[in-house]
>>> print(open('input.txt').read())   # compact mmCIF, C-alpha atoms
# COMPACT_ATOMS: atom_id res chain seq x y z
CA MET A 1 -21.70 -86.08 28.95
CA ASP A 2 -23.72 -83.33 30.55
CA ALA A 3 -26.19 -81.12 28.73
CA HIS A 4 -23.65 -78.31 28.32
CA PHE A 5 -21.14 -80.54 26.59
CA ALA A 6 -23.92 -82.11 24.52
CA ASN A 7 -24.80 -78.70 23.16
CA GLN A 8 -21.18 -77.90 22.29
CA ASP A 9 -20.81 -81.28 20.61
CA ALA A 10 -23.93 -80.63 18.57
CA GLN A 11 -22.47 -77.34 17.38
CA SER A 12 -19.21 -78.98 16.29
CA LYS A 13 -21.04 -81.87 14.65
CA GLN A 14 -23.35 -79.58 12.76
CA TYR A 15 -20.42 -77.54 11.54
CA ILE A 16 -18.53 -80.59 10.33
CA GLU A 17 -21.45 -82.44 8.80
CA GLY A 18 -23.31 -79.38 7.56
CA GLY A 19 -26.69 -78.40 8.86
CA GLY A 20 -28.24 -76.79 5.81
CA GLU A 21 -28.39 -73.09 5.23
CA MET A 22 -30.05 -70.37 7.21
CA LYS A 23 -32.85 -68.70 5.30
CA ILE A 24 -32.96 -64.93 5.64
CA ASN A 25 -36.22 -63.46 4.43
CA LYS A 26 -34.94 -59.91 4.45
CA TYR A 27 -31.38 -58.58 4.76
CA ILE A 28 -31.31 -55.24 6.54
CA VAL A 29 -28.48 -52.75 6.98
CA PRO A 30 -29.78 -50.35 9.68
CA ASP A 31 -28.60 -46.77 9.84
CA THR A 32 -28.80 -46.54 13.62
CA LEU A 33 -28.23 -48.78 16.61
CA HIS A 34 -31.77 -48.02 17.79
CA GLU A 35 -33.21 -49.33 14.53
CA ALA A 36 -31.04 -52.46 14.77
CA TYR A 37 -31.99 -53.08 18.40
CA THR A 38 -35.70 -52.59 17.75
CA LEU A 39 -35.61 -55.10 14.93
CA LEU A 40 -33.59 -57.56 16.97
CA THR A 41 -35.85 -57.48 20.02
CA ASN A 42 -39.26 -57.22 18.34
CA THR A 43 -38.97 -59.59 15.42
CA ASN A 44 -37.57 -62.98 14.46
CA ALA A 45 -34.16 -61.51 13.67
CA ALA A 46 -30.48 -62.24 14.11
CA ILE A 47 -27.35 -60.17 13.80
CA ILE A 48 -25.04 -61.34 11.03
CA GLY A 49 -21.40 -61.16 12.09
CA GLY A 50 -18.92 -62.79 9.74
CA GLY A 51 -21.72 -65.00 8.49
CA LEU A 52 -19.61 -68.16 8.52
CA PHE A 53 -22.15 -70.07 10.58
CA LEU A 54 -25.10 -69.27 8.36
CA LYS A 55 -24.53 -72.48 6.46
CA MET A 56 -24.43 -74.56 9.61
CA ASN A 57 -28.01 -74.35 10.67
CA ASP A 58 -31.33 -74.41 8.87
CA LYS A 59 -33.19 -71.79 10.86
CA GLU A 60 -35.40 -69.32 9.09
CA ILE A 61 -35.23 -65.71 10.24
CA ASP A 62 -37.30 -62.79 9.08
CA PHE A 63 -34.45 -60.27 9.31
CA GLY A 64 -30.70 -60.67 9.01
CA ILE A 65 -29.20 -57.54 10.54
CA ASP A 66 -25.92 -56.26 9.13
CA LEU A 67 -24.25 -53.72 11.45
CA SER A 68 -21.48 -52.73 9.03
CA GLU A 69 -22.75 -49.15 8.63
CA LEU A 70 -22.64 -48.45 12.37
CA ASN A 71 -18.89 -47.85 12.77
CA LEU A 72 -18.33 -50.92 14.92
CA SER A 73 -15.03 -51.89 13.29
CA PHE A 74 -12.23 -50.18 15.21
CA ILE A 75 -9.27 -50.71 17.51
CA VAL A 76 -8.61 -47.79 19.83
CA ASP A 77 -5.72 -47.41 22.24
CA LYS A 78 -6.86 -45.75 25.46
CA GLU A 79 -4.74 -44.90 28.46
CA ASP A 80 -5.83 -47.87 30.57
CA SER A 81 -7.36 -50.18 27.98
CA VAL A 82 -7.72 -51.17 24.37
CA GLU A 83 -11.19 -51.09 22.85
CA ILE A 84 -12.12 -53.32 19.92
CA GLY A 85 -15.33 -52.81 17.99
CA SER A 86 -17.52 -55.88 17.72
CA TYR A 87 -17.41 -55.88 13.91
CA THR A 88 -13.60 -55.88 13.80
CA THR A 89 -12.36 -58.89 11.90
CA LEU A 90 -10.04 -61.41 13.51
CA ARG A 91 -7.47 -60.64 10.79
CA ASP A 92 -7.47 -56.94 11.65
CA ILE A 93 -6.92 -57.88 15.30
CA GLU A 94 -4.19 -60.37 14.37
CA THR A 95 -2.18 -57.74 12.51
CA ASN A 96 -2.72 -54.81 14.85
CA GLU A 97 0.44 -53.41 16.45
CA ILE A 98 -1.34 -51.98 19.51
CA ILE A 99 -2.73 -55.38 20.42
CA LYS A 100 0.64 -57.05 19.69
CA SER A 101 2.16 -54.93 22.42
CA MET A 102 -0.21 -56.34 25.07
CA PHE A 103 0.58 -59.56 26.96
CA ASN A 104 3.39 -60.26 24.47
CA GLY A 105 0.97 -60.64 21.62
CA VAL A 106 -1.17 -63.44 23.07
CA ILE A 107 -4.34 -62.20 21.35
CA ASN A 108 -2.62 -61.88 17.98
CA ASN A 109 -1.07 -65.34 18.38
CA THR A 110 -4.46 -66.79 19.26
CA CYS A 111 -6.10 -65.24 16.21
CA SER A 112 -3.35 -66.55 13.95
CA GLU A 113 -4.26 -70.12 14.94
CA ILE A 114 -7.87 -69.74 13.89
CA TYR A 115 -8.65 -71.52 10.68
CA SER A 116 -7.32 -69.55 7.69
CA ILE A 117 -6.60 -66.04 6.43
CA GLN A 118 -9.80 -66.11 4.39
CA VAL A 119 -11.91 -67.02 7.42
CA ARG A 120 -10.20 -64.43 9.60
CA ASN A 121 -10.93 -61.77 6.98
CA MET A 122 -14.62 -62.56 7.46
CA ALA A 123 -15.06 -63.60 11.09
CA THR A 124 -15.74 -60.78 13.52
CA ILE A 125 -14.74 -60.73 17.16
CA GLY A 126 -18.35 -59.95 18.10
CA GLY A 127 -19.66 -62.96 16.23
CA SER A 128 -16.99 -65.14 17.78
CA ILE A 129 -17.93 -64.07 21.31
CA CYS A 130 -21.71 -63.96 20.99
CA GLY A 131 -21.83 -67.43 19.49
CA LYS A 132 -20.42 -68.72 22.83
CA PHE A 133 -18.93 -71.60 20.89
CA GLY A 134 -17.22 -74.17 23.06
CA PHE A 135 -14.44 -74.60 20.53
CA SER A 136 -13.67 -70.88 20.36
CA ASP A 137 -10.01 -69.98 20.73
CA ILE A 138 -10.53 -66.24 21.04
CA ILE A 139 -12.98 -66.60 23.94
CA THR A 140 -10.37 -68.62 25.87
CA ALA A 141 -7.75 -65.93 25.30
CA LEU A 142 -10.09 -63.08 26.26
CA CYS A 143 -11.15 -64.90 29.44
CA SER A 144 -7.52 -64.95 30.56
CA LEU A 145 -7.40 -61.16 30.39
CA ASP A 146 -9.36 -58.47 32.21
CA THR A 147 -11.98 -58.26 29.47
CA TYR A 148 -15.31 -56.47 29.45
CA LEU A 149 -18.10 -56.41 26.93
CA GLU A 150 -20.26 -53.38 26.30
CA PHE A 151 -23.77 -53.94 25.02
CA TYR A 152 -26.25 -51.43 23.62
CA ASN A 153 -28.97 -52.07 26.20
CA ILE A 154 -27.55 -53.86 29.23
CA GLY A 155 -24.28 -51.94 29.30
CA ARG A 156 -20.96 -53.32 30.46
CA MET A 157 -20.16 -56.67 32.00
CA SER A 158 -17.14 -58.93 32.26
CA ILE A 159 -16.79 -61.61 29.64
CA ASN A 160 -16.98 -64.26 32.37
CA GLU A 161 -20.34 -62.90 33.54
CA TYR A 162 -21.59 -62.88 29.96
CA LEU A 163 -20.65 -66.51 29.37
CA LYS A 164 -22.76 -67.55 32.36
CA LEU A 165 -25.86 -65.80 31.03
CA GLY A 166 -28.38 -67.52 28.85
CA ASN A 167 -29.18 -66.17 25.41
CA ILE A 168 -29.73 -62.43 25.46
CA LYS A 169 -31.08 -60.23 22.72
CA ASP A 170 -28.76 -57.28 22.65
CA ILE A 171 -26.10 -55.74 20.42
CA LEU A 172 -22.47 -56.14 21.41
CA LEU A 173 -20.78 -52.81 20.69
CA LYS A 174 -17.21 -53.29 21.82
CA ILE A 175 -14.74 -55.37 23.75
CA ILE A 176 -12.60 -53.61 26.35
CA ILE A 177 -9.34 -55.19 27.44
CA MET A 178 -7.71 -53.57 30.43
CA LYS A 179 -4.00 -52.96 30.20
CA GLN A 180 -1.73 -54.40 32.83
CA PRO A 181 1.92 -53.57 33.39
CA ILE A 182 4.64 -56.17 32.88
CA ALA A 183 2.20 -58.78 31.66
CA LYS A 184 2.81 -61.91 29.64
CA GLY A 185 0.49 -64.39 27.98
CA SER A 186 0.70 -67.71 26.20
CA PHE A 187 -1.94 -69.53 24.16
CA LYS A 188 -1.58 -73.23 23.43
CA SER A 189 -3.88 -75.60 21.63
CA MET A 190 -4.02 -79.09 20.20
CA ARG A 191 -5.84 -79.75 16.95
CA LEU A 192 -5.71 -82.55 14.41
CA THR A 193 -4.89 -80.22 11.52
CA SER A 194 -4.00 -76.56 11.49
CA THR A 195 -7.42 -75.54 10.17
CA ASP A 196 -9.43 -77.71 12.53
CA PHE A 197 -11.19 -76.78 15.75
CA ALA A 198 -9.08 -77.27 18.85
CA ILE A 199 -9.47 -80.48 20.79
CA LEU A 200 -8.40 -78.42 23.78
CA ASN A 201 -7.05 -74.91 24.20
CA VAL A 202 -5.35 -73.18 27.10
CA CYS A 203 -4.40 -69.59 27.76
CA CYS A 204 -2.18 -68.52 30.63
CA THR A 205 -1.42 -64.94 31.53
CA LYS A 206 0.78 -63.52 34.24
CA ALA A 207 0.67 -59.93 35.42
CA GLU A 208 3.11 -59.29 38.25
CA ASN A 209 2.40 -62.26 40.52
CA ASN A 210 -1.15 -62.93 39.40
CA PHE A 211 -1.84 -65.88 37.14
CA ASN A 212 -4.93 -66.47 35.02
CA ILE A 213 -5.21 -69.98 33.66
CA ILE A 214 -8.09 -70.68 31.31
CA VAL A 215 -8.96 -74.02 29.76
CA GLY A 216 -11.33 -74.09 26.79
CA ALA A 217 -12.71 -76.40 24.13
CA ARG A 218 -13.18 -78.96 26.90
CA PRO A 219 -15.42 -79.31 24.83
CA GLY A 220 -17.35 -76.68 26.80
CA THR A 221 -16.82 -72.94 27.09
CA PRO A 222 -13.67 -71.86 28.93
CA ILE A 223 -13.29 -71.98 32.68
CA ARG A 224 -10.62 -70.85 35.06
CA ALA A 225 -8.34 -73.30 36.83
CA LYS A 226 -8.63 -71.44 40.13
CA LYS A 227 -6.90 -73.99 42.32
CA CYS A 228 -3.95 -73.97 39.95
CA GLU A 229 -3.86 -70.17 40.02
CA GLY A 230 -4.05 -70.20 43.80
CA PHE A 231 -1.19 -72.67 44.04
CA LEU A 232 1.08 -70.56 41.83
CA GLY A 233 0.10 -67.36 43.60
CA SER A 234 1.18 -68.82 46.94
CA LEU A 235 4.75 -69.41 45.80
CA LEU A 236 7.51 -66.85 46.28
CA ILE A 237 9.75 -68.55 43.76
CA ILE A 238 8.50 -70.89 41.07
CA GLU A 239 10.63 -73.96 40.40
CA PRO A 240 10.23 -76.28 37.39
CA SER A 241 8.72 -78.92 39.68
CA ASP A 242 6.09 -76.36 40.70
CA ILE A 243 5.07 -75.93 37.07
CA GLU A 244 4.62 -79.68 36.77
CA LYS A 245 2.48 -79.72 39.92
CA ALA A 246 0.46 -76.68 38.81
CA ALA A 247 -0.34 -78.36 35.49
CA GLU A 248 -1.47 -81.47 37.33
CA ILE A 249 -3.72 -79.42 39.62
CA ALA A 250 -5.29 -77.75 36.55
CA SER A 251 -5.99 -81.04 34.82
CA ASP A 252 -7.51 -82.46 38.03
CA GLU A 253 -9.79 -79.51 38.76
CA VAL A 254 -11.19 -78.81 35.28
CA GLU A 255 -14.21 -80.76 34.08
CA PHE A 256 -13.81 -82.36 30.66
CA GLY A 257 -16.15 -84.17 28.34
CA SER A 258 -15.97 -86.53 25.41
CA ASP A 259 -17.09 -85.79 21.87
CA MET A 260 -16.13 -86.72 18.33
CA LYS A 261 -12.85 -84.81 18.65
CA GLY A 262 -11.55 -86.50 21.74
CA SER A 263 -12.29 -88.34 24.94
CA LYS A 264 -12.51 -86.91 28.41
CA ASP A 265 -9.32 -88.72 29.43
CA TYR A 266 -7.43 -87.49 26.37
CA ARG A 267 -8.40 -83.91 27.10
CA LYS A 268 -7.32 -84.32 30.71
CA GLY A 269 -3.92 -85.50 29.56
CA LEU A 270 -3.69 -82.70 27.01
CA CYS A 271 -4.57 -80.13 29.64
CA LYS A 272 -1.58 -81.05 31.78
CA THR A 273 0.82 -80.70 28.85
CA LEU A 274 -0.63 -77.50 27.42
CA VAL A 275 -0.84 -75.76 30.80
CA LYS A 276 2.75 -76.74 31.54
CA ARG A 277 3.98 -75.39 28.19
CA ALA A 278 2.04 -72.15 28.57
CA LEU A 279 3.29 -71.59 32.12
CA LEU A 280 6.90 -72.19 31.10
CA GLU A 281 6.52 -69.37 28.60
CA VAL A 282 4.93 -66.84 30.90
CA ILE A 283 7.39 -67.31 33.77
CA LYS A 284 10.48 -66.78 31.57
CA MET B 285 -32.92 -57.35 -3.46
CA ILE B 286 -30.63 -55.46 -5.82
CA ILE B 287 -26.93 -55.17 -5.07
CA ASN B 288 -24.44 -52.92 -6.86
CA VAL B 289 -20.88 -54.17 -6.95
CA PHE B 290 -17.63 -53.52 -8.79
CA ILE B 291 -16.45 -56.79 -10.29
CA ASN B 292 -13.02 -56.76 -11.90
CA GLY B 293 -13.29 -53.02 -12.42
CA CYS B 294 -16.81 -53.04 -13.89
CA GLU B 295 -19.87 -51.78 -12.10
CA LYS B 296 -22.61 -54.40 -12.08
CA SER B 297 -26.07 -54.82 -10.56
CA PHE B 298 -27.56 -58.13 -9.57
CA ASN B 299 -30.98 -59.14 -8.36
CA ILE B 300 -30.32 -61.64 -5.58
CA LYS B 301 -32.13 -63.55 -2.86
CA ASP B 302 -31.40 -62.07 0.56
CA HIS B 303 -29.66 -65.23 1.80
CA GLU B 304 -27.79 -66.01 -1.40
CA MET B 305 -24.07 -66.65 -1.13
CA LEU B 306 -21.57 -64.72 -3.24
CA ILE B 307 -20.33 -67.86 -5.01
CA ASP B 308 -23.77 -68.48 -6.49
CA VAL B 309 -24.14 -64.92 -7.72
CA LEU B 310 -20.70 -64.96 -9.29
CA ARG B 311 -21.03 -68.34 -10.97
CA ASN B 312 -24.58 -67.64 -12.17
CA ASN B 313 -23.23 -64.52 -13.86
CA GLY B 314 -20.40 -66.17 -15.71
CA TYR B 315 -17.46 -65.90 -13.30
CA LEU B 316 -16.70 -69.58 -13.58
CA SER B 317 -13.14 -69.33 -12.27
CA VAL B 318 -14.83 -69.35 -8.85
CA LYS B 319 -15.16 -73.03 -7.98
CA ARG B 320 -17.40 -74.77 -5.47
CA SER B 321 -15.96 -77.65 -3.47
CA CYS B 322 -16.59 -78.22 0.25
CA ASP B 323 -19.22 -75.46 0.60
CA THR B 324 -18.36 -75.26 4.31
CA SER B 325 -15.46 -72.75 4.34
CA SER B 326 -12.91 -75.54 4.81
CA CYS B 327 -11.05 -75.92 1.50
CA GLY B 328 -10.46 -72.40 0.13
CA ILE B 329 -11.37 -73.37 -3.44
CA CYS B 330 -13.95 -70.57 -3.66
CA THR B 331 -11.53 -67.78 -2.70
CA VAL B 332 -12.15 -64.36 -4.25
CA HIS B 333 -11.12 -60.87 -3.16
CA VAL B 334 -13.55 -58.46 -1.56
CA ASP B 335 -11.99 -55.02 -1.16
CA ASP B 336 -8.64 -56.67 -2.02
CA LYS B 337 -8.87 -59.19 0.84
CA PRO B 338 -9.17 -62.93 0.21
CA ILE B 339 -12.46 -64.36 1.49
CA LEU B 340 -14.50 -67.52 0.98
CA SER B 341 -17.33 -66.83 -1.43
CA CYS B 342 -19.21 -70.00 -0.42
CA SER B 343 -19.80 -68.49 3.02
CA TYR B 344 -20.02 -64.78 2.20
CA LEU B 345 -23.48 -63.34 1.80
CA ALA B 346 -23.85 -61.63 -1.56
CA ALA B 347 -25.93 -58.92 0.12
CA ARG B 348 -22.92 -58.02 2.19
CA ALA B 349 -20.94 -57.31 -1.00
CA ASN B 350 -23.20 -54.40 -1.89
CA GLY B 351 -21.04 -51.40 -2.78
CA LYS B 352 -17.82 -53.39 -2.53
CA LYS B 353 -15.03 -54.24 -4.95
CA ILE B 354 -14.89 -57.88 -5.96
CA THR B 355 -11.98 -59.44 -7.82
CA THR B 356 -11.86 -62.86 -9.40
CA VAL B 357 -9.18 -64.54 -11.51
CA GLU B 358 -10.81 -63.08 -14.61
CA GLY B 359 -9.80 -59.63 -13.35
CA LEU B 360 -6.16 -60.46 -12.56
CA GLN B 361 -5.02 -61.97 -15.82
CA ASP B 362 -1.53 -60.43 -15.89
CA GLU B 363 -0.73 -61.32 -12.29
CA VAL B 364 -2.19 -64.82 -12.69
CA ARG B 365 -0.22 -65.40 -15.88
CA GLU B 366 3.00 -64.44 -14.12
CA LEU B 367 2.29 -66.85 -11.23
CA ALA B 368 1.14 -69.56 -13.62
CA ASN B 369 4.49 -69.45 -15.41
CA PHE B 370 6.25 -70.27 -12.14
CA ILE B 371 3.80 -73.08 -11.37
CA VAL B 372 4.11 -74.60 -14.84
CA ALA B 373 7.91 -74.39 -14.69
CA GLU B 374 7.85 -76.56 -11.55
CA GLY B 375 5.58 -79.13 -13.19
CA THR B 376 3.26 -78.89 -10.24
CA GLU B 377 -0.14 -78.51 -11.90
CA GLN B 378 -2.32 -81.65 -12.00
CA CYS B 379 -6.09 -81.33 -12.28
CA GLY B 380 -5.98 -77.56 -11.93
CA PHE B 381 -9.17 -77.29 -9.88
CA CYS B 382 -7.46 -75.55 -6.96
CA SER B 383 -5.40 -73.23 -9.15
CA PRO B 384 -7.73 -70.22 -9.42
CA SER B 385 -8.23 -70.04 -5.66
CA LEU B 386 -4.54 -70.56 -4.96
CA ALA B 387 -3.72 -67.76 -7.39
CA MET B 388 -6.15 -65.44 -5.61
CA THR B 389 -4.60 -66.16 -2.22
CA VAL B 390 -1.00 -65.94 -3.44
CA ILE B 391 -1.61 -62.63 -5.20
CA ALA B 392 -3.19 -61.24 -2.02
CA MET B 393 -0.23 -62.55 -0.04
CA LYS B 394 2.26 -60.84 -2.32
CA LYS B 395 0.51 -57.51 -1.75
CA GLU B 396 0.26 -58.00 1.99
CA LEU B 397 3.51 -59.62 3.13
CA ARG B 398 6.95 -58.03 2.91
CA ASN B 399 9.98 -60.34 2.95
CA PRO B 400 8.08 -63.42 4.14
CA THR B 401 9.79 -66.52 5.38
CA GLU B 402 8.80 -69.95 4.14
CA ASP B 403 6.77 -70.37 7.34
CA ASP B 404 4.96 -67.07 6.69
CA ILE B 405 4.02 -68.34 3.24
CA ARG B 406 2.83 -71.70 4.58
CA ASN B 407 0.75 -70.00 7.27
CA TYR B 408 -0.84 -67.63 4.77
CA LEU B 409 -1.77 -70.48 2.43
CA VAL B 410 -3.02 -72.89 5.08
CA GLY B 411 -6.63 -72.33 4.00
CA ASN B 412 -6.05 -73.49 0.42
CA THR B 413 -6.34 -77.21 -0.26
CA CYS B 414 -4.95 -79.26 -3.14
CA ARG B 415 -6.12 -82.85 -3.35
CA CYS B 416 -3.73 -83.85 -6.11
CA SER B 417 -0.33 -82.73 -4.98
CA GLY B 418 1.78 -82.71 -1.84
CA PHE B 419 2.23 -78.94 -2.15
CA GLN B 420 6.00 -79.23 -2.64
CA GLY B 421 5.93 -78.08 -6.25
CA HIS B 422 3.55 -75.27 -5.33
CA MET B 423 5.87 -74.11 -2.56
CA ARG B 424 8.88 -74.03 -4.90
CA ALA B 425 6.90 -72.04 -7.45
CA ILE B 426 5.40 -69.65 -4.94
CA LYS B 427 8.72 -68.98 -3.24
CA LYS B 428 10.23 -68.08 -6.60
CA TYR B 429 7.23 -65.91 -7.43
CA MET B 430 7.56 -64.14 -4.06
CA GLY B 431 11.32 -63.75 -4.46
CA VAL B 432 12.02 -65.81 -1.36
CA GLU B 433 15.18 -67.91 -1.12
>>> encode(input="input.txt", output="structure tokens")
Amino acid sequence: MDAHFANQDAQSKQYIEGGGEMKINKYIVPDTLHEAYTLLTNTNAAIIGGGLFLKMNDKEIDFGIDLSELNLSFIVDKEDSVEIGSYTTLRDIETNEIIKSMFNGVINNTCSEIYSIQVRNMATIGGSICGKFGFSDIITALCSLDTYLEFYNIGRMSINEYLKLGNIKDILLKIIIMKQPIAKGSFKSMRLTSTDFAILNVCCTKAENNFNIIVGARPGTPIRAKKCEGFLGSLLIIEPSDIEKAAEIASDEVEFGSDMKGSKDYRKGLCKTLVKRALLEVIK
Amino acid sequence: MIINVFINGCEKSFNIKDHEMLIDVLRNNGYLSVKRSCDTSSCGICTVHVDDKPILSCSYLAARANGKKITTVEGLQDEVRELANFIVAEGTEQCGFCSPSLAMTVIAMKKELRNPTEDDIRNYLVGNTCRCSGFQGHMRAIKKYMGVE
């Protein structure tokens, strides 16, 4: 298991077994983004999103920064995109009609699979993204779309670029999802119980003849199955046998790992089934 | 730090540690309907309402509740009594430990969902655990409470 998977496994293990409780010496609610950013970059501080992971590590921080007074909870429908504030809860996203109209509700459907109503009323999309958790369902779904992140200091970048970066000290302001005409999406996952982390998750989107196929919780952060996408993009007409072959290509090209939730081989087998099911939905 | 909250319609001030969780503040101040179980946001037993939305008090920083409206079972006696009558009629109550949290979630569900299906109800309640029962009696009671066939 490579170092990347080892880190993701450690996160899952800590969550399940409990890692203590983060100690916050001072809880701050800044009035301005500048104040928040200065604190974040010049002190031993962390931004508190939904706060659900505070109990899962025993770090001590001098400042816990709460951004709730900075108007970062919003969903705005623009002409070519939808913008979601980083402090918007997953439940607000799940129930939003504007987002339901995009990619036949793939983002809403993804959110609805995450844990429980209570957790989704607390968890923020910003916290979910910035944690870069390997088991994250919402990151997988966002990677399958044309998604950008806008930060206070470094500005805008695609979510895929962000996932490749190391840890950065910046404030995520909003998530921008570009609209695409006649687009469909499907999110599939396998988990032991409905409130558990996914053993594997997959999100497929199709806009005109372009496919995006993302495999996550591998147990690493999501990656694209580019060969699979290329195969589907080369076909004029897609037959059922092509779907079978595409799913096989995806499961062969993606790198999997083993952890307490499942073995590498099990994930590989799951990938083929989940990709197939997702593709069958988006080509209807 | 001092936080000012509205608990069950009353304005209260508490002196808390900055990293203290809401469950500790509530229980230390007499709101004993709020139970602690898994302490890792898995079981739902600690469910309370913040600004009328069900959340997990074991994982919600008390500092974050500053200025907000908090509701526990103690503040919903009429609604809880109505639901309890349905639960008792189905003979579904056993140890009762999960009941306050289930009541909180069901009451929130009734305010939020219109004409839910049985699946909608199951999905809404997926974060509430009962170790004693198989949920069948609860489902019968809750469906009757929600007016669902």
>>> atom_distance(input="input.txt", atom1="atom CA of Ile159 of chain A", atom2="atom CA of Arg120 of chain A")
21.3 Å
>>> closest_atom_pairs(input="input.txt", of="chain B", to="chain A", cutoff="7 Å", atoms="all atoms listed in the file", output="JSON lines")
{"residue": "B:Asp302", "atom": "CA", "partner": "A:Tyr27", "partner_atom": "CA", "distance": 5.5}
{"residue": "B:His303", "atom": "CA", "partner": "A:Ile24", "partner_atom": "CA", "distance": 5.1}
{"residue": "B:Lys337", "atom": "CA", "partner": "A:Asn121", "partner_atom": "CA", "distance": 7.0}
{"residue": "B:Pro338", "atom": "CA", "partner": "A:Gln118", "partner_atom": "CA", "distance": 5.3}
{"residue": "B:Ile339", "atom": "CA", "partner": "A:Gln118", "partner_atom": "CA", "distance": 4.3}
{"residue": "B:Leu340", "atom": "CA", "partner": "A:Gln118", "partner_atom": "CA", "distance": 6.0}
{"residue": "B:Ser343", "atom": "CA", "partner": "A:Leu52", "partner_atom": "CA", "distance": 5.5}
{"residue": "B:Tyr344", "atom": "CA", "partner": "A:Gly51", "partner_atom": "CA", "distance": 6.5}
{"residue": "B:Tyr408", "atom": "CA", "partner": "A:Ile117", "partner_atom": "CA", "distance": 6.2}
{"residue": "B:Val410", "atom": "CA", "partner": "A:Ser116", "partner_atom": "CA", "distance": 6.0}
{"residue": "B:Gly411", "atom": "CA", "partner": "A:Ser116", "partner_atom": "CA", "distance": 4.7}
>>> atom_distance(input="input.txt", atom1="atom CA of Gly418 of chain B", atom2="atom CA of Lys319 of chain B")
20.5 Å
>>> residues_around(input="input.txt", residues="Lys352 of chain B", least_positions_apart="2", cutoff="9 Å", atoms="all atoms listed in the file", output="MDAnalysis selection string")
chainID B and resid 288:291 334:335 348:350 354
>>> write_last_selection(input="input.txt", atoms="C-alpha atoms", output="PDB file, in the frame of the given file")
ATOM      1  CA  ASN B 288     -24.440 -52.920  -6.860  1.00  0.00           C
ATOM      2  CA  VAL B 289     -20.880 -54.170  -6.950  1.00  0.00           C
ATOM      3  CA  PHE B 290     -17.630 -53.520  -8.790  1.00  0.00           C
ATOM      4  CA  ILE B 291     -16.450 -56.790 -10.290  1.00  0.00           C
ATOM      5  CA  VAL B 334     -13.550 -58.460  -1.560  1.00  0.00           C
ATOM      6  CA  ASP B 335     -11.990 -55.020  -1.160  1.00  0.00           C
ATOM      7  CA  ARG B 348     -22.920 -58.020   2.190  1.00  0.00           C
ATOM      8  CA  ALA B 349     -20.940 -57.310  -1.000  1.00  0.00           C
ATOM      9  CA  ASN B 350     -23.200 -54.400  -1.890  1.00  0.00           C
ATOM     10  CA  ILE B 354     -14.890 -57.880  -5.960  1.00  0.00           C
TER      11      ILE B 354
END
>>> atom_distance(input="input.txt", atom1="atom CA of Asp92 of chain A", atom2="atom CA of Ala347 of chain B")
21.9 Å
>>> residues_around(input="input.txt", residues="segment 72-89 of chain A", least_positions_apart="5", cutoff="7 Å", atoms="only C-alpha atoms", output="number ranges by chain")
A: 49, 98, 120-126, 172-179
>>> closest_residue(input="input.txt", among="B:Cys294, B:Ala387, B:Leu316, B:Ile405", to="Phe370 of chain B", atoms="all atoms listed in the file")
B:Ala387
>>> closest_residue(input="input.txt", among="A:Asn160, A:Asn104, A:Thr95, A:Thr41", to="Leu397 of chain B", atoms="all atoms listed in the file")
A:Thr95
>>> closest_residue(input="input.txt", among="B:Cys327, B:Val432, B:Met285, B:Ala425", to="Ser297 of chain B", atoms="all atoms listed in the file")
B:Met285
>>> closest_residue(input="input.txt", among="A:Ile168, A:Ile223, A:Ile283, A:Leu192", to="Glu253 of chain A", atoms="all atoms listed in the file")
A:Ile223
>>> closest_residue(input="input.txt", among="B:Met393, B:Cys382, B:Ala346, B:Val357", to="Arg320 of chain B", atoms="only C-alpha atoms")
B:Cys382
>>> residues_around(input="input.txt", residues="Glu248 of chain A", least_positions_apart="2", cutoff="9 Å", atoms="only C-alpha atoms", output="NGL selection string")
:A and (228 or 243-246 or 250-253 or 271-273 or 275-276)
>>> write_last_selection(input="input.txt", atoms="C-alpha atoms", output="CSV table (one decimal), keeping the file's coordinate frame")
chain,number,residue,atom,x,y,z
A,228,CYS,CA,-4.0,-74.0,40.0
A,243,ILE,CA,5.1,-75.9,37.1
A,244,GLU,CA,4.6,-79.7,36.8
A,245,LYS,CA,2.5,-79.7,39.9
A,246,ALA,CA,0.5,-76.7,38.8
A,250,ALA,CA,-5.3,-77.8,36.6
A,251,SER,CA,-6.0,-81.0,34.8
A,252,ASP,CA,-7.5,-82.5,38.0
A,253,GLU,CA,-9.8,-79.5,38.8
A,271,CYS,CA,-4.6,-80.1,29.6
A,272,LYS,CA,-1.6,-81.0,31.8
A,273,THR,CA,0.8,-80.7,28.8
A,275,VAL,CA,-0.8,-75.8,30.8
A,276,LYS,CA,2.8,-76.7,31.5
>>> residues_around(input="input.txt", residues="Ala368 of chain B", least_positions_apart="5", cutoff="12 Å", atoms="all atoms listed in the file", output="PyMOL selection string")
chain B and resi 357+360-363+373-377+380+383-384+386-388+390-391+422+425-426+428-429
>>> residues_around(input="input.txt", residues="Lys132 of chain A", least_positions_apart="6", cutoff="9 Å", atoms="all atoms listed in the file", output="mmCIF file with C-alpha atoms, keeping the file's coordinate frame")
data_model
loop_
_atom_site.group_PDB
_atom_site.id
_atom_site.type_symbol
_atom_site.label_atom_id
_atom_site.label_comp_id
_atom_site.auth_asym_id
_atom_site.auth_seq_id
_atom_site.Cartn_x
_atom_site.Cartn_y
_atom_site.Cartn_z
ATOM 1 C CA ILE A 139 -12.980 -66.600 23.940
ATOM 2 C CA LEU A 163 -20.650 -66.510 29.370
ATOM 3 C CA THR A 221 -16.820 -72.940 27.090
#
>>> closest_residue(input="input.txt", among="B:Cys342, B:Arg406, B:Lys353, B:Thr401", to="Lys296 of chain B", atoms="all atoms listed in the file")
B:Lys353
